[in-house]
Each structure stands twice: as structure tokens, then as C-alpha cells.
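Okay, upload-v4.pdb now, which holds PDB, C-alpha atoms:
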ATOM      1  CA  GLY A   1     -85.318-115.083  20.851
ATOM      2  CA  ILE A   2     -83.222-112.421  19.213
ATOM      3  CA  ARG A   3     -85.119-109.701  21.068
ATOM      4  CA  LYS A   4     -84.497-111.423  24.437
ATOM      5  CA  GLN A   5     -80.793-111.893  23.662
ATOM      6  CA  LEU A   6     -80.467-108.250  22.662
ATOM      7  CA  LEU A   7     -82.249-107.146  25.856
ATOM      8  CA  LYS A   8     -79.918-109.305  28.004
ATOM      9  CA  PHE A   9     -76.909-107.802  26.229
ATOM     10  CA  LEU A  10     -78.117-104.228  26.890
ATOM     11  CA  VAL A  11     -78.695-105.042  30.570
ATOM     12  CA  PHE A  12     -75.193-106.550  30.819
ATOM     13  CA  LEU A  13     -73.631-103.551  29.082
ATOM     14  CA  THR A  14     -75.394-101.096  31.398
ATOM     15  CA  SER A  15     -74.305-103.040  34.492
ATOM     16  CA  TYR A  16     -70.720-103.236  33.243
ATOM     17  CA  THR A  17     -70.607 -99.493  32.558
ATOM     18  CA  ARG A  18     -71.886 -98.656  36.040
ATOM     19  CA  PHE A  19     -69.350-101.052  37.580
ATOM     20  CA  SER A  20     -66.511 -99.452  35.617
ATOM     21  CA  GLU A  21     -67.525 -95.971  36.727
ATOM     22  CA  TYR A  22     -67.664 -97.169  40.336
ATOM     23  CA  SER A  23     -64.202 -98.761  40.036
ATOM     24  CA  ILE A  24     -62.703 -95.556  38.658
ATOM     25  CA  MET A  25     -64.224 -93.514  41.486
ATOM     26  CA  VAL A  26     -62.873 -95.943  44.073
ATOM     27  CA  SER A  27     -59.402 -95.893  42.515
ATOM     28  CA  HIS A  28     -59.343 -92.062  42.549
ATOM     29  CA  ASP A  29     -60.486 -91.995  46.160
ATOM     30  CA  SER A  30     -57.841 -94.565  47.093
ATOM     31  CA  ALA A  31     -55.110 -92.590  45.369
ATOM     32  CA  ARG A  32     -56.242 -89.394  47.087
ATOM     33  CA  ASN A  33     -56.358 -91.128  50.464
ATOM     34  CA  SER A  34     -52.908 -92.597  49.839
ATOM     35  CA  GLU A  35     -51.483 -89.147  49.113
ATOM     36  CA  ASP A  36     -53.176 -87.757  52.207
ATOM     37  CA  ASP A  37     -51.678 -90.555  54.312
ATOM     38  CA  HIS A  38     -48.137 -89.483  53.333
ATOM     39  CA  ALA A  39     -48.822 -85.737  53.555
ATOM     40  CA  PRO A  40     -48.128 -83.966  56.879
ATOM     41  CA  LYS A  41     -51.229 -83.409  58.979
ATOM     42  CA  VAL A  42     -52.170 -80.468  61.170
ATOM     43  CA  LEU A  43     -54.578 -80.668  64.108
ATOM     44  CA  VAL A  44     -57.264 -77.995  63.741
ATOM     45  CA  THR A  45     -60.504 -77.258  65.580
ATOM     46  CA  ALA A  46     -63.818 -77.669  63.816
ATOM     47  CA  ASN A  47     -64.839 -74.196  65.061
ATOM     48  CA  PRO A  48     -61.882 -71.788  65.384
ATOM     49  CA  LYS A  49     -63.898 -69.394  67.587
ATOM     50  CA  TYR A  50     -63.462 -69.858  71.330
ATOM     51  CA  ASP A  51     -66.430 -71.491  73.023
ATOM     52  CA  PRO A  52     -66.497 -70.795  76.807
ATOM     53  CA  GLU A  53     -68.601 -73.922  77.424
ATOM     54  CA  LEU A  54     -66.345 -76.308  75.497
ATOM     55  CA  GLY A  55     -63.063 -74.494  76.205
ATOM     56  CA  ALA A  56     -60.124 -76.638  75.134
ATOM     57  CA  LYS A  57     -62.445 -79.600  74.481
ATOM     58  CA  GLN A  58     -63.645 -78.317  71.139
ATOM     59  CA  PRO A  59     -63.886 -81.005  68.440
ATOM     60  CA  THR A  60     -60.694 -81.336  66.405
ATOM     61  CA  GLN A  61     -59.709 -83.113  63.214
ATOM     62  CA  LEU A  62     -56.525 -83.905  61.277
ATOM     63  CA  VAL A  63     -56.202 -82.026  57.982
ATOM     64  CA  ALA A  64     -53.614 -83.012  55.374
ATOM     65  CA  VAL A  65     -51.388 -80.119  54.290
ATOM     66  CA  SER A  66     -49.479 -80.325  51.006
ATOM     67  CA  GLU A  67     -45.908 -78.969  51.126
ATOM     68  CA  PRO A  68     -44.394 -76.867  48.301
ATOM     69  CA  TRP A  69     -41.910 -78.529  45.966
ATOM     70  CA  VAL A  70     -39.281 -75.874  46.684
ATOM     71  CA  ARG A  71     -39.003 -75.057  50.379
ATOM     72  CA  GLY A  72     -36.035 -72.692  50.310
ATOM     73  CA  ASN A  73     -35.549 -69.369  48.547
ATOM     74  CA  PRO A  74     -33.313 -69.747  45.460
ATOM     75  CA  GLY A  75     -33.185 -65.966  44.956
ATOM     76  CA  PRO A  76     -29.969 -65.224  46.909
ATOM     77  CA  PHE A  77     -28.174 -68.094  45.184
ATOM     78  CA  GLY A  78     -29.187 -66.841  41.743
ATOM     79  CA  LEU A  79     -28.084 -63.302  42.575
ATOM     80  CA  LEU A  80     -24.716 -64.550  43.818
ATOM     81  CA  CYS A  81     -24.220 -66.582  40.647
ATOM     82  CA  PHE A  82     -24.856 -63.474  38.571
ATOM     83  CA  GLY A  83     -22.944 -60.987  40.725
ATOM     84  CA  MET A  84     -19.823 -63.056  41.355
ATOM     85  CA  THR A  85     -19.403 -64.034  37.695
ATOM     86  CA  THR A  86     -20.044 -60.472  36.493
ATOM     87  CA  ASP A  87     -17.400 -59.042  38.824
ATOM     88  CA  MET A  88     -14.889 -61.683  37.711
ATOM     89  CA  LEU A  89     -15.326 -60.635  34.082
ATOM     90  CA  MET A  90     -15.133 -56.949  34.959
ATOM     91  CA  PHE A  91     -11.741 -57.521  36.599
ATOM     92  CA  VAL A  92     -10.459 -58.147  33.067
ATOM     93  CA  THR A  93     -12.564 -55.499  31.318
ATOM     94  CA  THR A  94     -11.383 -52.724  33.626
ATOM     95  CA  GLY A  95      -7.775 -53.854  33.349
ATOM     96  CA  TRP A  96      -7.472 -54.665  37.045
ATOM     97  CA  ALA A  97      -6.505 -58.267  36.238
ATOM     98  CA  GLU A  98      -4.268 -59.664  33.529
ATOM     99  CA  SER A  99      -5.801 -61.066  30.357
ATOM    100  CA  THR A 100      -4.515 -64.500  31.389
ATOM    101  CA  PHE A 101      -7.232 -64.456  34.089
ATOM    102  CA  THR A 102      -9.864 -64.868  31.359
ATOM    103  CA  PRO A 103      -9.839 -68.723  31.386
ATOM    104  CA  THR A 104     -10.819 -68.572  35.064
ATOM    105  CA  VAL A 105     -13.805 -66.440  34.091
ATOM    106  CA  PHE A 106     -14.673 -69.017  31.404
ATOM    107  CA  CYS A 107     -14.954 -71.800  33.987
ATOM    108  CA  TYR A 108     -17.133 -69.853  36.385
ATOM    109  CA  ALA A 109     -19.246 -68.415  33.556
ATOM    110  CA  MET A 110     -20.163 -71.934  32.492
ATOM    111  CA  PHE A 111     -20.931 -73.502  35.863
ATOM    112  CA  TYR A 112     -21.606 -70.753  38.415
ATOM    113  CA  GLY A 113     -22.998 -67.909  36.346
ATOM    114  CA  GLY A 114     -24.510 -70.188  33.715
ATOM    115  CA  PHE A 115     -25.714 -73.537  35.004
ATOM    116  CA  GLY A 116     -26.108 -72.383  38.626
ATOM    117  CA  GLN A 117     -28.180 -69.358  37.702
ATOM    118  CA  PHE A 118     -30.297 -71.394  35.282
ATOM    119  CA  ALA A 119     -31.016 -73.900  38.070
ATOM    120  CA  ALA A 120     -32.036 -71.057  40.390
ATOM    121  CA  GLY A 121     -34.368 -69.721  37.704
ATOM    122  CA  THR A 122     -35.944 -73.130  37.212
ATOM    123  CA  LEU A 123     -36.645 -73.398  40.943
ATOM    124  CA  GLU A 124     -38.155 -69.910  40.932
ATOM    125  CA  LEU A 125     -40.504 -70.892  38.090
ATOM    126  CA  ILE A 126     -41.560 -73.999  40.025
ATOM    127  CA  LYS A 127     -42.366 -71.768  43.009
ATOM    128  CA  GLY A 128     -44.450 -69.552  40.750
ATOM    129  CA  ASN A 129     -42.094 -66.543  40.692
ATOM    130  CA  THR A 130     -42.337 -65.640  37.015
ATOM    131  CA  PHE A 131     -40.092 -62.558  37.064
ATOM    132  CA  ALA A 132     -37.223 -64.095  39.020
ATOM    133  CA  GLY A 133     -37.428 -67.353  37.056
ATOM    134  CA  THR A 134     -37.432 -65.589  33.684
ATOM    135  CA  ALA A 135     -34.533 -63.294  34.625
ATOM    136  CA  PHE A 136     -32.329 -65.992  36.169
ATOM    137  CA  CYS A 137     -32.892 -68.431  33.303
ATOM    138  CA  SER A 138     -32.220 -65.708  30.722
ATOM    139  CA  TYR A 139     -28.924 -64.579  32.231
ATOM    140  CA  GLY A 140     -27.943 -68.160  33.008
ATOM    141  CA  CYS A 141     -28.289 -68.934  29.303
ATOM    142  CA  PHE A 142     -26.412 -65.702  28.560
ATOM    143  CA  TRP A 143     -23.376 -66.833  30.536
ATOM    144  CA  MET A 144     -23.376 -70.313  29.025
ATOM    145  CA  GLY A 145     -23.638 -68.808  25.548
ATOM    146  CA  TRP A 146     -20.883 -66.291  26.338
ATOM    147  CA  PHE A 147     -18.603 -69.097  27.505
ATOM    148  CA  LEU A 148     -19.149 -71.072  24.301
ATOM    149  CA  LEU A 149     -18.648 -68.004  22.087
ATOM    150  CA  GLU A 150     -15.409 -66.999  23.788
ATOM    151  CA  TYR A 151     -14.163 -70.579  23.798
ATOM    152  CA  LEU A 152     -14.773 -70.919  20.055
ATOM    153  CA  SER A 153     -13.105 -67.560  19.406
ATOM    154  CA  LEU A 154      -9.927 -69.007  20.922
ATOM    155  CA  THR A 155     -10.040 -72.564  19.621
ATOM    156  CA  ALA A 156     -11.716 -72.085  16.215
ATOM    157  CA  LYS A 157     -10.646 -68.662  15.012
ATOM    158  CA  GLN A 158     -10.933 -69.757  11.385
ATOM    159  CA  TYR A 159     -14.723 -69.992  11.769
ATOM    160  CA  ILE A 160     -15.216 -66.695  13.618
ATOM    161  CA  GLY A 161     -14.325 -63.484  11.866
ATOM    162  CA  VAL A 162     -14.649 -59.814  12.764
ATOM    163  CA  MET A 163     -18.149 -59.120  14.105
ATOM    164  CA  THR A 164     -18.043 -55.463  15.126
ATOM    165  CA  VAL A 165     -21.518 -54.575  13.914
ATOM    166  CA  GLY A 166     -23.011 -57.900  14.979
ATOM    167  CA  MET A 167     -21.600 -57.713  18.506
ATOM    168  CA  THR A 168     -22.803 -54.108  18.788
ATOM    169  CA  LEU A 169     -26.323 -55.202  17.930
ATOM    170  CA  TRP A 170     -25.947 -58.185  20.277
ATOM    171  CA  ALA A 171     -25.051 -55.960  23.250
ATOM    172  CA  GLY A 172     -27.818 -53.519  22.311
ATOM    173  CA  LEU A 173     -30.376 -56.320  22.215
ATOM    174  CA  TRP A 174     -29.383 -57.474  25.691
ATOM    175  CA  ALA A 175     -29.648 -53.861  26.886
ATOM    176  CA  PHE A 176     -33.200 -53.742  25.523
ATOM    177  CA  LEU A 177     -34.082 -57.044  27.242
ATOM    178  CA  THR A 178     -32.613 -55.855  30.533
ATOM    179  CA  PHE A 179     -34.556 -52.585  30.326
ATOM    180  CA  GLY A 180     -37.737 -54.648  30.073
ATOM    181  CA  PHE A 181     -36.790 -56.420  33.299
ATOM    182  CA  PHE A 182     -35.945 -53.071  34.922
ATOM    183  CA  ILE A 183     -39.534 -51.866  34.435
ATOM    184  CA  VAL A 184     -40.742 -54.783  36.576
ATOM    185  CA  THR A 185     -38.270 -53.937  39.366
ATOM    186  CA  LEU A 186     -40.058 -50.610  39.869
ATOM    187  CA  ARG A 187     -42.511 -52.675  41.923
ATOM    188  CA  LYS A 188     -39.872 -54.861  43.605
ATOM    189  CA  ASN A 189     -37.166 -53.171  45.703
ATOM    190  CA  GLY A 190     -34.259 -50.763  45.462
ATOM    191  CA  GLY A 191     -31.642 -53.499  45.268
ATOM    192  CA  LEU A 192     -33.130 -55.050  42.139
ATOM    193  CA  MET A 193     -33.659 -51.601  40.619
ATOM    194  CA  THR A 194     -29.955 -50.841  41.041
ATOM    195  CA  ILE A 195     -28.907 -54.171  39.527
ATOM    196  CA  PHE A 196     -30.998 -53.906  36.381
ATOM    197  CA  SER A 197     -30.489 -50.175  35.809
ATOM    198  CA  THR A 198     -26.694 -50.502  35.969
ATOM    199  CA  LEU A 199     -26.868 -53.616  33.792
ATOM    200  CA  VAL A 200     -28.730 -51.653  31.092
ATOM    201  CA  ILE A 201     -25.943 -49.049  31.137
ATOM    202  CA  THR A 202     -23.289 -51.788  31.072
ATOM    203  CA  PHE A 203     -24.706 -53.417  27.944
ATOM    204  CA  ALA A 204     -25.093 -49.998  26.277
ATOM    205  CA  LEU A 205     -21.456 -49.177  27.012
ATOM    206  CA  LEU A 206     -20.360 -52.604  25.789
ATOM    207  CA  ALA A 207     -22.147 -51.879  22.514
ATOM    208  CA  GLY A 208     -20.168 -48.654  22.193
ATOM    209  CA  GLY A 209     -17.047 -50.425  23.374
ATOM    210  CA  LYS A 210     -16.906 -52.335  20.114
ATOM    211  CA  TRP A 211     -15.925 -49.008  18.530
ATOM    212  CA  ASN A 212     -14.144 -47.220  21.367
ATOM    213  CA  GLU A 213     -11.748 -48.742  23.905
ATOM    214  CA  GLN A 214     -12.486 -46.158  26.605
ATOM    215  CA  CYS A 215     -16.192 -46.921  26.331
ATOM    216  CA  GLU A 216     -15.505 -50.592  26.929
ATOM    217  CA  LYS A 217     -13.394 -49.748  29.979
ATOM    218  CA  ALA A 218     -16.232 -47.607  31.328
ATOM    219  CA  ALA A 219     -18.520 -50.623  30.853
ATOM    220  CA  GLY A 220     -16.154 -52.554  33.104
ATOM    221  CA  TYR A 221     -16.559 -50.065  35.967
ATOM    222  CA  VAL A 222     -20.347 -49.858  35.670
ATOM    223  CA  GLY A 223     -20.540 -53.635  35.279
ATOM    224  CA  PHE A 224     -18.518 -54.077  38.459
ATOM    225  CA  LEU A 225     -21.012 -51.837  40.263
ATOM    226  CA  CYS A 226     -23.824 -53.978  38.847
ATOM    227  CA  GLY A 227     -22.250 -57.244  40.003
ATOM    228  CA  SER A 228     -21.466 -55.817  43.441
ATOM    229  CA  SER A 229     -25.075 -54.641  43.754
ATOM    230  CA  ALA A 230     -26.261 -58.178  43.011
ATOM    231  CA  ILE A 231     -23.953 -59.595  45.696
ATOM    232  CA  TYR A 232     -25.181 -57.005  48.212
ATOM    233  CA  THR A 233     -28.839 -57.703  47.396
ATOM    234  CA  ALA A 234     -28.260 -61.453  47.749
ATOM    235  CA  PHE A 235     -26.877 -61.069  51.266
ATOM    236  CA  ALA A 236     -29.520 -58.472  52.147
ATOM    237  CA  GLU A 237     -32.246 -60.979  51.275
ATOM    238  CA  LEU A 238     -30.368 -63.769  53.056
ATOM    239  CA  TYR A 239     -29.921 -61.766  56.250
ATOM    240  CA  HIS A 240     -33.546 -60.631  56.145
ATOM    241  CA  GLN A 241     -34.843 -64.183  55.824
ATOM    242  CA  GLU A 242     -32.418 -65.973  58.147
ATOM    243  CA  LEU A 243     -31.593 -63.319  60.771
ATOM    244  CA  GLY A 244     -34.500 -60.898  60.544
ATOM    245  CA  ILE A 245     -32.121 -58.029  59.707
ATOM    246  CA  THR A 246     -33.519 -55.526  57.203
ATOM    247  CA  LEU A 247     -30.787 -53.759  55.233
ATOM    248  CA  PRO A 248     -31.375 -50.793  52.884
ATOM    249  CA  GLY A 249     -32.706 -51.805  49.475
ATOM    250  CA  VAL A 250     -34.880 -54.720  50.571
ATOM    251  CA  LYS A 251     -38.038 -52.755  51.401
ATOM    252  CA  PRO A 252     -40.708 -53.176  48.662
ATOM    253  CA  VAL A 253     -41.353 -50.182  46.419
ATOM    254  CA  LYS A 254     -44.117 -49.236  44.009
ATOM    255  CA  TYR A 255     -43.157 -46.524  41.534
ATOM    256  CA  ILE A 256     -45.582 -47.567  38.812
TER     257      ILE A 256
END
Would you write out, as C-alpha cells, the structure that this file holds?
Amino acid sequence: GIRKQLLKFLVFLTSYTRFSEYSIMVSHDSARNSEDDHAPKVLVTANPKYDPELGAKQPTQLVAVSEPWVRGNPGPFGLLCFGMTTDMLMFVTTGWAESTFTPTVFCYAMFYGGFGQFAAGTLELIKGNTFAGTAFCSYGCFWMGWFLLEYLSLTAKQYIGVMTVGMTLWAGLWAFLTFGFFIVTLRKNGGLMTIFSTLVITFALLAGGKWNEQCEKAAGYVGFLCGSSAIYTAFAELYHQELGITLPGVKPVKYI
């Protein structure tokens, strides 16, 4: 009796396991079919080679094509966020604008240069563009951090003292990071090479500017060139993609 009951239980367990596996396979197939139903379909021929006997009557079938998450190119937007905000700050650094213009730079550093550029970097990472995503996210965080630091230096001076050595090291560290990005641009294009090379010089001059006023002013001029290069590259990429116009600096290069 016990042996028969145990045998029946093993048979039931085996049947239940097979049924469960079948149910899982069916559910996966249903989910896949459901996704394919909503995905756009393209009509293709079973044999792409031309058959003179069949002609246009070759057998065809609908094939589901998955669309990318990000359809547009966030690159020009990210470059504009960086370039516009950089030039705004350099208006003050060079002395072209009054110091009272600084709060305007604060606002755009937070939202346009900071959050906007970080969003562009996130979209680039989703597309699989590691370099652009890493650079945009890094400098987006830079601008948001710069905004907070400058805001605290005005509203909470009692907590922030003189940081000459610290800010020198800070600017030098960003110069080192930017130089790492510049190496990658040697296989990108001339526009990106100009942006990152001038940005390395800008951060180096800002480091020296903590000790010498003329050095800081020179950083303003080089930084303005850097920001303007980013704006130019953004429109060069935009015109190339939307209008088919190829401006200087967009052609791919390979120096390493």
C-alpha cells in the first residue's frame, strides 16, 4: 500500500513539473508575441536575391523591428548646455560683464549647464555612447556642484573660509580629468579636440588664477574660446544631421 501510494505521488509530481515547464514556455511565447504585435513590422522577402522567374512575386513575410529608446541625437543639446553656460561665466571672468551678472550665471549653471547636460549624458548612455555620456554627466555634475558652492559662499560665508590651496588642487584635478577625455577625442573629430584641449588649458589657468589675477583673466579668454567651440560644434553636428551640410571640424579623425 505504501509503495503504491509513493509511486502515485511520484507520477503526480512528474506530471505537475512537466505541466509547469510547459506553462512557463507558453507564457514566455505569449509575452514575446505580444511585444512583437506592438512593435513596427517591415515587409521583407524570404530571398533578397532577385529571381527572374518569380520577379516581384517572391515570398514575403512581416518581421518585427524593435526601435531604440532614444531616437534623436542628444549630442548637440549637451554641447549647447556646456558652451552657453561656459561663455556666460567667462563674461564675468574676463571682466566683460559686471560682477552683478553672476546670479544670472548661477541660474543657468544649475538648470542649463547642470541638469540639462546631465540629462543629455543620461540619454547618451542609454544609446550606448559611453564617451559622450560620461563627459556630459561629469560636466553636468560639475556645473550643479559649482552652483551650490558659489551659492553657499554667498549665503553661508561663516562655514566657508579661504581655500586657496584646495581650489588650486580642485581646478588641477578637473584639468587632469579633462585631459583624459581629450585623449579619446583624438579618434573623434576636430571640434571635440578643440573643446577639450582648450578646457584643459582653462582649468590649468584657473588653478594658477588662485594665486595671480592676470592668470585668472587669461583663463576667462581661453574658457570663452572653449565655450564658443562647443557652440560651434553643436551647430555643426546639427546642420550635418538635419541639413546634410558638413562644416569644418565634423569629419572623423584618427590620430592614435
I'd like the interatomic distance between atom CA of A:Ala230 and atom CA of A:Glu216, to a tenth of an Å.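 Atom-to-atom, atom CA of A:Ala230 to atom CA of A:Glu216, that is 20.8 Å.
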- Item | From A:Met84, A:Thr155, A:Ser197, A:Thr100, residue lying nearest A:Thr185 [only C-alpha atoms] |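 Answer, going by the shortest atom-to-atom distance: A:Ser197.
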note - atom CA of A:Gln214 and atom CA of A:Met90 are separated by 13.9 Å
Closest-contact table, stretch 138-206 of chain A side, partner stretch 236-245 of chain A, 12 Å, counting all atoms listed in the file, as JSON lines:
{"residue": "A:Asn189", "atom": "CA", "partner": "A:Glu237", "partner_atom": "CA", "distance": 10.8}
{"residue": "A:Gly190", "atom": "CA", "partner": "A:Ala236", "partner_atom": "CA", "distance": 11.3}
{"residue": "A:Gly191", "atom": "CA", "partner": "A:Ala236", "partner_atom": "CA", "distance": 8.7}
{"residue": "A:Leu192", "atom": "CA", "partner": "A:Glu237", "partner_atom": "CA", "distance": 10.9}
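Interatomic distance, atom CA of A:Phe203 to atom CA of A:Leu186: 19.6 Å.
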Judged by all atoms listed in the file, the minimum distance to A:Ala135 among A:Leu177, A:Leu247, A:Val200, A:Ile160 is found for A:Leu177
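The residue that comes closest to A:Lys188, out of A:Pro103, A:Gly114, A:Ser138, A:Pro252 and on the basis of only C-alpha atoms, is A:Pro252.
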Run the PyMOL selection byres ((chain A and resi 207-210) around 12) against the file shown and list the residues it catches, as number ranges by chain.
A: 93-94, 162-176, 200-206, 211-220
Using all atoms listed in the file, find all polymer residues with an atom at most 12 Å away from the point (-38.0, -74.3, 52.2); report them as an MDAnalysis selection string. chainID A and resid 67:74 123 127 241:242
Next, dump the selected residues to file, keeping only C-alpha atoms, as a CSV table (one decimal), keeping the file's coordinate frame.
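Done, and the output landed in result.csv:
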chain,number,residue,atom,x,y,z
A,67,GLU,CA,-45.9,-79.0,51.1
A,68,PRO,CA,-44.4,-76.9,48.3
A,69,TRP,CA,-41.9,-78.5,46.0
A,70,VAL,CA,-39.3,-75.9,46.7
A,71,ARG,CA,-39.0,-75.1,50.4
A,72,GLY,CA,-36.0,-72.7,50.3
A,73,ASN,CA,-35.5,-69.4,48.5
A,74,PRO,CA,-33.3,-69.7,45.5
A,123,LEU,CA,-36.6,-73.4,40.9
A,127,LYS,CA,-42.4,-71.8,43.0
A,241,GLN,CA,-34.8,-64.2,55.8
A,242,GLU,CA,-32.4,-66.0,58.1
Nearest to A:Tyr151, restricted to only C-alpha atoms and choosing among A:Tyr221, A:Tyr255, A:Thr194, A:Ala109, comes out as A:Ala109
Write stretch 213-235 of chain A as a compact mmCIF listing (two decimals), in the coordinates of the input, completed to N, CA, C and O atoms.
# COMPACT_ATOMS: atom_id res chain seq x y z
N GLU A 213 -12.34 -47.99 22.79
CA GLU A 213 -11.75 -48.74 23.90
C GLU A 213 -12.10 -48.14 25.25
O GLU A 213 -12.33 -48.86 26.22
N GLN A 214 -12.15 -46.81 25.34
CA GLN A 214 -12.49 -46.16 26.60
C GLN A 214 -13.92 -46.46 27.02
O GLN A 214 -14.23 -46.57 28.20
N CYS A 215 -14.79 -46.59 26.04
CA CYS A 215 -16.19 -46.92 26.33
C CYS A 215 -16.30 -48.32 26.92
O CYS A 215 -17.07 -48.56 27.85
N GLU A 216 -15.50 -49.23 26.39
CA GLU A 216 -15.50 -50.59 26.93
C GLU A 216 -14.97 -50.62 28.35
O GLU A 216 -15.48 -51.37 29.21
N LYS A 217 -13.94 -49.80 28.62
CA LYS A 217 -13.39 -49.75 29.98
C LYS A 217 -14.41 -49.16 30.95
O LYS A 217 -14.55 -49.62 32.09
N ALA A 218 -15.17 -48.17 30.49
CA ALA A 218 -16.23 -47.61 31.33
C ALA A 218 -17.30 -48.66 31.62
O ALA A 218 -17.86 -48.71 32.73
N ALA A 219 -17.57 -49.53 30.63
CA ALA A 219 -18.52 -50.62 30.85
C ALA A 219 -18.03 -51.55 31.96
O ALA A 219 -18.83 -52.09 32.72
N GLY A 220 -16.71 -51.72 32.04
CA GLY A 220 -16.15 -52.55 33.10
C GLY A 220 -16.44 -52.00 34.49
O GLY A 220 -16.80 -52.74 35.41
N TYR A 221 -16.31 -50.68 34.66
CA TYR A 221 -16.56 -50.06 35.97
C TYR A 221 -18.04 -50.13 36.35
O TYR A 221 -18.39 -50.46 37.48
N VAL A 222 -18.91 -49.80 35.39
CA VAL A 222 -20.35 -49.86 35.67
C VAL A 222 -20.79 -51.30 35.89
O VAL A 222 -21.63 -51.59 36.76
N GLY A 223 -20.22 -52.22 35.11
CA GLY A 223 -20.54 -53.64 35.28
C GLY A 223 -20.11 -54.16 36.63
O GLY A 223 -20.79 -55.00 37.24
N PHE A 224 -18.97 -53.67 37.12
CA PHE A 224 -18.52 -54.08 38.46
C PHE A 224 -19.48 -53.58 39.52
O PHE A 224 -19.78 -54.29 40.48
N LEU A 225 -20.00 -52.35 39.34
CA LEU A 225 -21.01 -51.84 40.26
C LEU A 225 -22.27 -52.69 40.20
O LEU A 225 -22.89 -52.98 41.25
N CYS A 226 -22.64 -53.13 39.01
CA CYS A 226 -23.82 -53.98 38.85
C CYS A 226 -23.64 -55.31 39.57
O CYS A 226 -24.52 -55.75 40.33
N GLY A 227 -22.51 -55.96 39.35
CA GLY A 227 -22.25 -57.24 40.00
C GLY A 227 -22.19 -57.11 41.51
O GLY A 227 -22.72 -57.96 42.25
N SER A 228 -21.55 -56.04 42.00
CA SER A 228 -21.47 -55.82 43.44
C SER A 228 -22.84 -55.56 44.04
O SER A 228 -23.13 -55.99 45.16
N SER A 229 -23.70 -54.88 43.29
CA SER A 229 -25.08 -54.64 43.75
C SER A 229 -25.84 -55.95 43.88
O SER A 229 -26.63 -56.14 44.81
N ALA A 230 -25.60 -56.88 42.94
CA ALA A 230 -26.26 -58.18 43.01
C ALA A 230 -25.79 -58.97 44.23
O ALA A 230 -26.60 -59.62 44.91
N ILE A 231 -24.48 -58.90 44.52
CA ILE A 231 -23.95 -59.60 45.70
C ILE A 231 -24.55 -59.00 46.97
O ILE A 231 -24.95 -59.72 47.90
N TYR A 232 -24.60 -57.67 47.04
CA TYR A 232 -25.18 -57.00 48.21
C TYR A 232 -26.65 -57.40 48.39
O TYR A 232 -27.09 -57.73 49.51
N THR A 233 -27.41 -57.37 47.31
CA THR A 233 -28.84 -57.70 47.40
C THR A 233 -29.04 -59.15 47.82
O THR A 233 -29.97 -59.46 48.57
N ALA A 234 -28.16 -60.04 47.36
CA ALA A 234 -28.26 -61.45 47.75
C ALA A 234 -28.10 -61.61 49.26
O ALA A 234 -28.89 -62.30 49.92
N PHE A 235 -27.09 -60.96 49.82
CA PHE A 235 -26.88 -61.07 51.27
C PHE A 235 -27.94 -60.29 52.05
O PHE A 235 -28.30 -60.69 53.16
